[in-house]
Amino acid sequence: MVKPLALAVFGVFASAQAFAAGNTLFDELDPLTAPSSAVSVADEATQALLLSTAPGITVTQSTLASRSTVGSLSDINVGRYWDMIDTNRTGADQGRYLFMPFEPSNQSGANTGSGALRYDKLTGATTTIVAVGTQNWQRGDASRWAPWGGWMTGEENFNGVAGSATGRLFEVTNPVTATATTLTNGNGNLVQRNTMLPLVSHEGLAFDSANNFYFIDENSGGSFYKFVSANPNAANGDDFFANGTTYALQVGTGSNADVGGSFNWVDIGVSGAGQDGRTLADAAGATAFNRPEDMEVFTLGNGHEAIAFNATGTHTTWTVDLSDMSITELVTRNTIDVATGLAVGSDFTSPDNIAIDADGNLYIVEDQGVPNADIWQVIDSDGDGVAEGVKRWAALQVAGAEPTGLFFDPYDPNTAYLNIQHPGSDNDRLMKISVSAVPEPESYAMLLAGLGLVGAIARRRRAA
């Protein structure tokens, strides 16, 4: 039975924290108007970002983990270039962990390639679940939880040669249970998933509500792909990727990536393992985008499921409506910067990662350095997939670095995470960004009155 004292305490707390449960405050922040500047190395742990603010909202940032908390910065087995982030979205402990790959290329000798890290939000522990250099993994970039409970990632390094050990798609089949006997030698089961998927330079990965699997080829003439599994509700990756068809998006006749409109999915003819997805897509007439990057599934105002993806080379973010088979420009350099009322212009450069908050707002992370590495919130009030404006939401303040992997916690709507990658200090770090409502003066009064009531109840009980 709930005790009256507990009810009194809860009632006071709820009154003091009165804002709609489940809604984020991130989209309430005012736009930044001044550029960022680099802070000292000593301040990177607490001031890695210049964050926007708003009256009545407290915004904080802190370091959860860094290379120096995993091990020695001089140890080549301590992963470098921390990249994109996802959480475990299924299972008993869903939402407890964060997963991210290391992005280095194995160019400095053995064991300087990619691996993967798991961060435990409950205990604060970091575990290298895939050791650096496993299977000569290079340029680990993508991060996406699979519906059956695996963690998907891939290589951003396809050399254009069929059958090569580049451009591979991977799954860690035991991401939650993988352990490490030392800080850096995790026993994560890294499995290649290219039986019926071609080799490409991977970045964005996504599953839609029907479990179709989307990916891109991050190349100056890269395509946007869809894999339709013969077993979309498979219980494991072996069965999901065993058979299916890979398609690429074709706008009109496929020749012009700068024009939206209706599109088709063209079968690129994958017939076996390790094929060149770039050549196959070109031969099938797929539209070639200029360096497609990250993607995110979201819902339009009309209820249609859509995917937003960035094309870095043209400084464009696209909306792909999966229901009516159309593609439109979500954000371009002609989109209005709400801070100035003018076209955003070259302030919007090299869109890279994309993230979605608890209310469905999209955020775009630029692939730049200080003072130009900005994170923009997309303003699409009518939900038609064409932004009315963008708002500079945060900016990087770490010299030599880029922001990457922005991830809004689906289990905590006012918490987000971001990696600070390849800083000049060589100390990559995982940041936590939090927002909270500042209680109004009336709420403070209610809080004090409530605490007084609680005290009176307690005194009466003792007297009795």
# chains A, B, ... in the order shown; residues from 1 in each chain; ligands from 1
>>> select_by_dssp(residues="segment 132-372 of chain A", states="alpha helix (DSSP H)", output="list of chain:residue names")
A:Gly237, A:Asp238, A:Asp239, A:Phe240, A:Phe241, A:Ala242, A:Gly277, A:Arg278, A:Thr279, A:Leu280, A:Ala281, A:Asp282, A:Ala283
>>> residues_around(residues="Pro101 of chain A", least_positions_apart="2", cutoff="8 Å", atoms="only C-alpha atoms", output="list in words")
Trp82, Asp83, Met84, Ile85, Phe99, Glu103, Ser114, Gly115, Ala116, Leu117, Gly140, Asp141, Ala142, Ser143 and Thr153 of chain A
>>> select_by_dssp(residues="segment 335-449 of chain A", states="strand (DSSP E)", output="PyMOL selection string")
chain A and resi 336-337+342-343+351-356+362-366+374-379+389-396+402-408+415-421+429-437
>>> write_last_selection(atoms="C-alpha atoms", output="short mmCIF file (atom, residue, chain, number, x, y, z; two decimals), in the first residue's frame")
data_model
loop_
_atom_site.label_atom_id
_atom_site.label_comp_id
_atom_site.auth_asym_id
_atom_site.auth_seq_id
_atom_site.Cartn_x
_atom_site.Cartn_y
_atom_site.Cartn_z
CA ILE A 336 16.05 30.19 -43.37
CA ASP A 337 18.28 30.57 -40.33
CA LEU A 342 17.95 35.08 -43.83
CA ALA A 343 19.03 32.08 -45.87
CA PRO A 351 25.94 17.95 -43.07
CA ASP A 352 27.03 14.58 -41.73
CA ASN A 353 25.19 12.88 -38.87
CA ILE A 354 21.48 13.20 -38.24
CA ALA A 355 19.55 12.51 -35.03
CA ILE A 356 15.95 12.55 -33.80
CA LEU A 362 15.61 16.25 -36.44
CA TYR A 363 19.11 17.57 -35.75
CA ILE A 364 21.97 17.81 -38.25
CA VAL A 365 25.64 17.58 -37.25
CA GLU A 366 28.23 19.20 -39.50
CA ASP A 374 27.64 23.35 -35.68
CA ILE A 375 24.62 21.23 -34.81
CA TRP A 376 21.37 22.48 -36.35
CA GLN A 377 17.81 21.76 -35.28
CA VAL A 378 15.41 21.35 -38.20
CA ILE A 379 12.19 23.37 -37.94
CA GLY A 389 13.99 27.00 -40.98
CA VAL A 390 17.01 25.73 -39.06
CA LYS A 391 18.28 26.73 -35.64
CA ARG A 392 21.91 26.56 -34.51
CA TRP A 393 21.48 24.33 -31.46
CA ALA A 394 25.08 23.66 -30.37
CA ALA A 395 28.65 24.22 -31.54
CA LEU A 396 31.92 22.40 -30.93
CA GLU A 402 34.59 17.00 -34.95
CA PRO A 403 31.27 16.24 -33.22
CA THR A 404 29.78 12.89 -34.16
CA GLY A 405 27.18 10.34 -33.15
CA LEU A 406 24.57 12.71 -31.68
CA PHE A 407 22.00 10.43 -30.06
CA PHE A 408 18.85 11.38 -28.15
CA THR A 415 19.15 13.43 -22.29
CA ALA A 416 21.38 13.23 -25.35
CA TYR A 417 24.87 11.89 -26.06
CA LEU A 418 27.62 12.99 -28.40
CA ASN A 419 31.14 11.83 -29.19
CA ILE A 420 34.04 14.26 -29.51
CA GLN A 421 36.15 12.58 -32.18
CA ARG A 429 35.25 11.42 -25.24
CA LEU A 430 31.57 10.57 -24.80
CA MET A 431 29.53 13.57 -23.64
CA LYS A 432 26.15 13.65 -21.93
CA ILE A 433 23.88 16.65 -22.57
CA SER A 434 20.92 17.19 -20.24
CA VAL A 435 18.07 19.68 -20.04
CA SER A 436 15.67 20.25 -17.17
CA ALA A 437 12.96 22.71 -16.27
#
>>> residues_around(residues="Thr287 of chain A", least_positions_apart="2", cutoff="7 Å", atoms="only C-alpha atoms", output="list in words")
Ser223, Leu249, Gln250, Val251, Gly254, Ser255, Asn256, Ala257, Gly285 and Phe289 of chain A
>>> closest_residue(among="A:Thr312, A:Thr319, A:Asn23, A:Ser40", to="Asp367 of chain A", atoms="only C-alpha atoms")
A:Thr312
>>> residues_around(residues="Val70 of chain A", least_positions_apart="5", cutoff="9 Å", atoms="only C-alpha atoms", output="number ranges by chain")
A: 65, 78-79, 126-128, 183-184
>>> residues_around(residues="Ala283 of chain A", least_positions_apart="6", cutoff="10 Å", atoms="only C-alpha atoms", output="list in words")
Ile268, Gly269 and Gly277 of chain A
>>> write_last_selection(atoms="N, CA and C atoms", output="compact mmCIF listing (two decimals), in the first residue's frame")
# COMPACT_ATOMS: atom_id res chain seq x y z
N ILE A 268 19.29 -3.96 -58.09
CA ILE A 268 20.64 -3.80 -58.63
C ILE A 268 21.30 -5.14 -58.97
N GLY A 269 20.57 -6.23 -58.75
CA GLY A 269 21.05 -7.52 -59.25
C GLY A 269 22.13 -8.19 -58.42
N GLY A 277 28.77 -2.88 -54.80
CA GLY A 277 27.47 -2.22 -54.81
C GLY A 277 27.46 -0.94 -55.60
>>> residues_around(residues="Lys121 of chain A", least_positions_apart="4", cutoff="10 Å", atoms="only C-alpha atoms", output="list in words")
Leu64, Gly95, Arg96, Tyr97, Leu98, Ala125 and Thr126 of chain A
>>> write_last_selection(atoms="C-alpha atoms", output="JSON list (two decimals), in the first residue's frame")
[["chain", "number", "residue", "atom", "x", "y", "z"],
["A", 64, "LEU", "CA", 30.84, 10.05, -19.26],
["A", 95, "GLY", "CA", 18.16, 1.29, -23.03],
["A", 96, "ARG", "CA", 20.89, 0.48, -20.51],
["A", 97, "TYR", "CA", 23.88, 0.52, -22.86],
["A", 98, "LEU", "CA", 25.39, 2.75, -25.53],
["A", 125, "ALA", "CA", 31.62, 1.08, -16.96],
["A", 126, "THR", "CA", 33.17, 1.00, -20.43]]
>>> residues_around(residues="segment 226-242 of chain A", least_positions_apart="4", cutoff="10 Å", atoms="only C-alpha atoms", output="mmCIF file with C-alpha atoms, in the first residue's frame")
data_model
loop_
_atom_site.group_PDB
_atom_site.id
_atom_site.type_symbol
_atom_site.label_atom_id
_atom_site.label_comp_id
_atom_site.auth_asym_id
_atom_site.auth_seq_id
_atom_site.Cartn_x
_atom_site.Cartn_y
_atom_site.Cartn_z
ATOM 1 C CA ALA A 146 18.799 -4.568 -35.129
ATOM 2 C CA PRO A 147 15.207 -5.698 -34.409
ATOM 3 C CA TRP A 148 16.391 -9.183 -33.356
ATOM 4 C CA GLY A 149 18.888 -7.851 -30.793
ATOM 5 C CA GLY A 150 22.184 -7.548 -32.652
ATOM 6 C CA TRP A 151 24.229 -4.393 -33.147
ATOM 7 C CA MET A 152 24.993 -3.363 -36.737
ATOM 8 C CA PHE A 170 29.108 -6.242 -39.671
ATOM 9 C CA GLU A 171 26.903 -7.416 -36.834
ATOM 10 C CA VAL A 172 28.007 -7.994 -33.257
ATOM 11 C CA THR A 173 25.687 -10.832 -32.305
ATOM 12 C CA VAL A 191 30.039 -11.393 -38.126
ATOM 13 C CA GLN A 192 30.156 -10.114 -41.702
ATOM 14 C CA ARG A 193 26.701 -9.652 -43.301
ATOM 15 C CA ASN A 194 27.397 -9.433 -47.035
ATOM 16 C CA THR A 195 25.834 -12.686 -48.223
ATOM 17 C CA MET A 196 23.223 -10.796 -50.247
ATOM 18 C CA LEU A 197 24.316 -7.221 -49.531
ATOM 19 C CA LEU A 205 21.959 2.412 -41.425
ATOM 20 C CA ALA A 206 18.250 2.173 -40.617
ATOM 21 C CA PHE A 207 15.319 -0.233 -40.336
ATOM 22 C CA ALA A 210 8.438 -3.311 -41.902
ATOM 23 C CA ASN A 211 12.071 -4.229 -41.103
ATOM 24 C CA ASN A 212 13.371 -3.197 -44.508
ATOM 25 C CA PHE A 213 17.054 -2.309 -44.109
ATOM 26 C CA TYR A 214 18.478 0.917 -45.585
ATOM 27 C CA PHE A 215 22.096 1.937 -46.153
ATOM 28 C CA ILE A 216 24.155 4.316 -48.282
ATOM 29 C CA THR A 246 18.905 -5.163 -52.694
ATOM 30 C CA TYR A 247 17.445 -2.099 -54.407
ATOM 31 C CA ALA A 248 18.749 1.422 -55.027
ATOM 32 C CA LEU A 249 16.752 4.633 -55.233
ATOM 33 C CA TRP A 265 13.417 1.239 -56.262
ATOM 34 C CA VAL A 266 15.541 -0.522 -58.894
ATOM 35 C CA ASP A 267 16.857 -4.035 -58.308
#
>>> closest_residue(among="A:Val438, A:Ala92, A:Val200, A:Val386", to="Gly301 of chain A", atoms="only C-alpha atoms")
A:Val386
>>> atom_distance(atom1="atom CA of Arg144 of chain A", atom2="atom CA of Thr90 of chain A")
12.2 Å
>>> closest_residue(among="A:Ile327, A:Ile57, A:Val320, A:Ala288", to="Gly260 of chain A", atoms="only C-alpha atoms")
A:Ile327
>>> closest_residue(among="A:Ser262, A:Thr349, A:Ser271, A:Thr24", to="Thr328 of chain A", atoms="only C-alpha atoms")
A:Ser262
>>> atom_distance(atom1="atom CA of Val259 of chain A", atom2="atom CA of Asn290 of chain A")
12.6 Å
>>> atom_distance(atom1="atom CA of Asp382 of chain A", atom2="atom CA of Leu51 of chain A")
26.2 Å
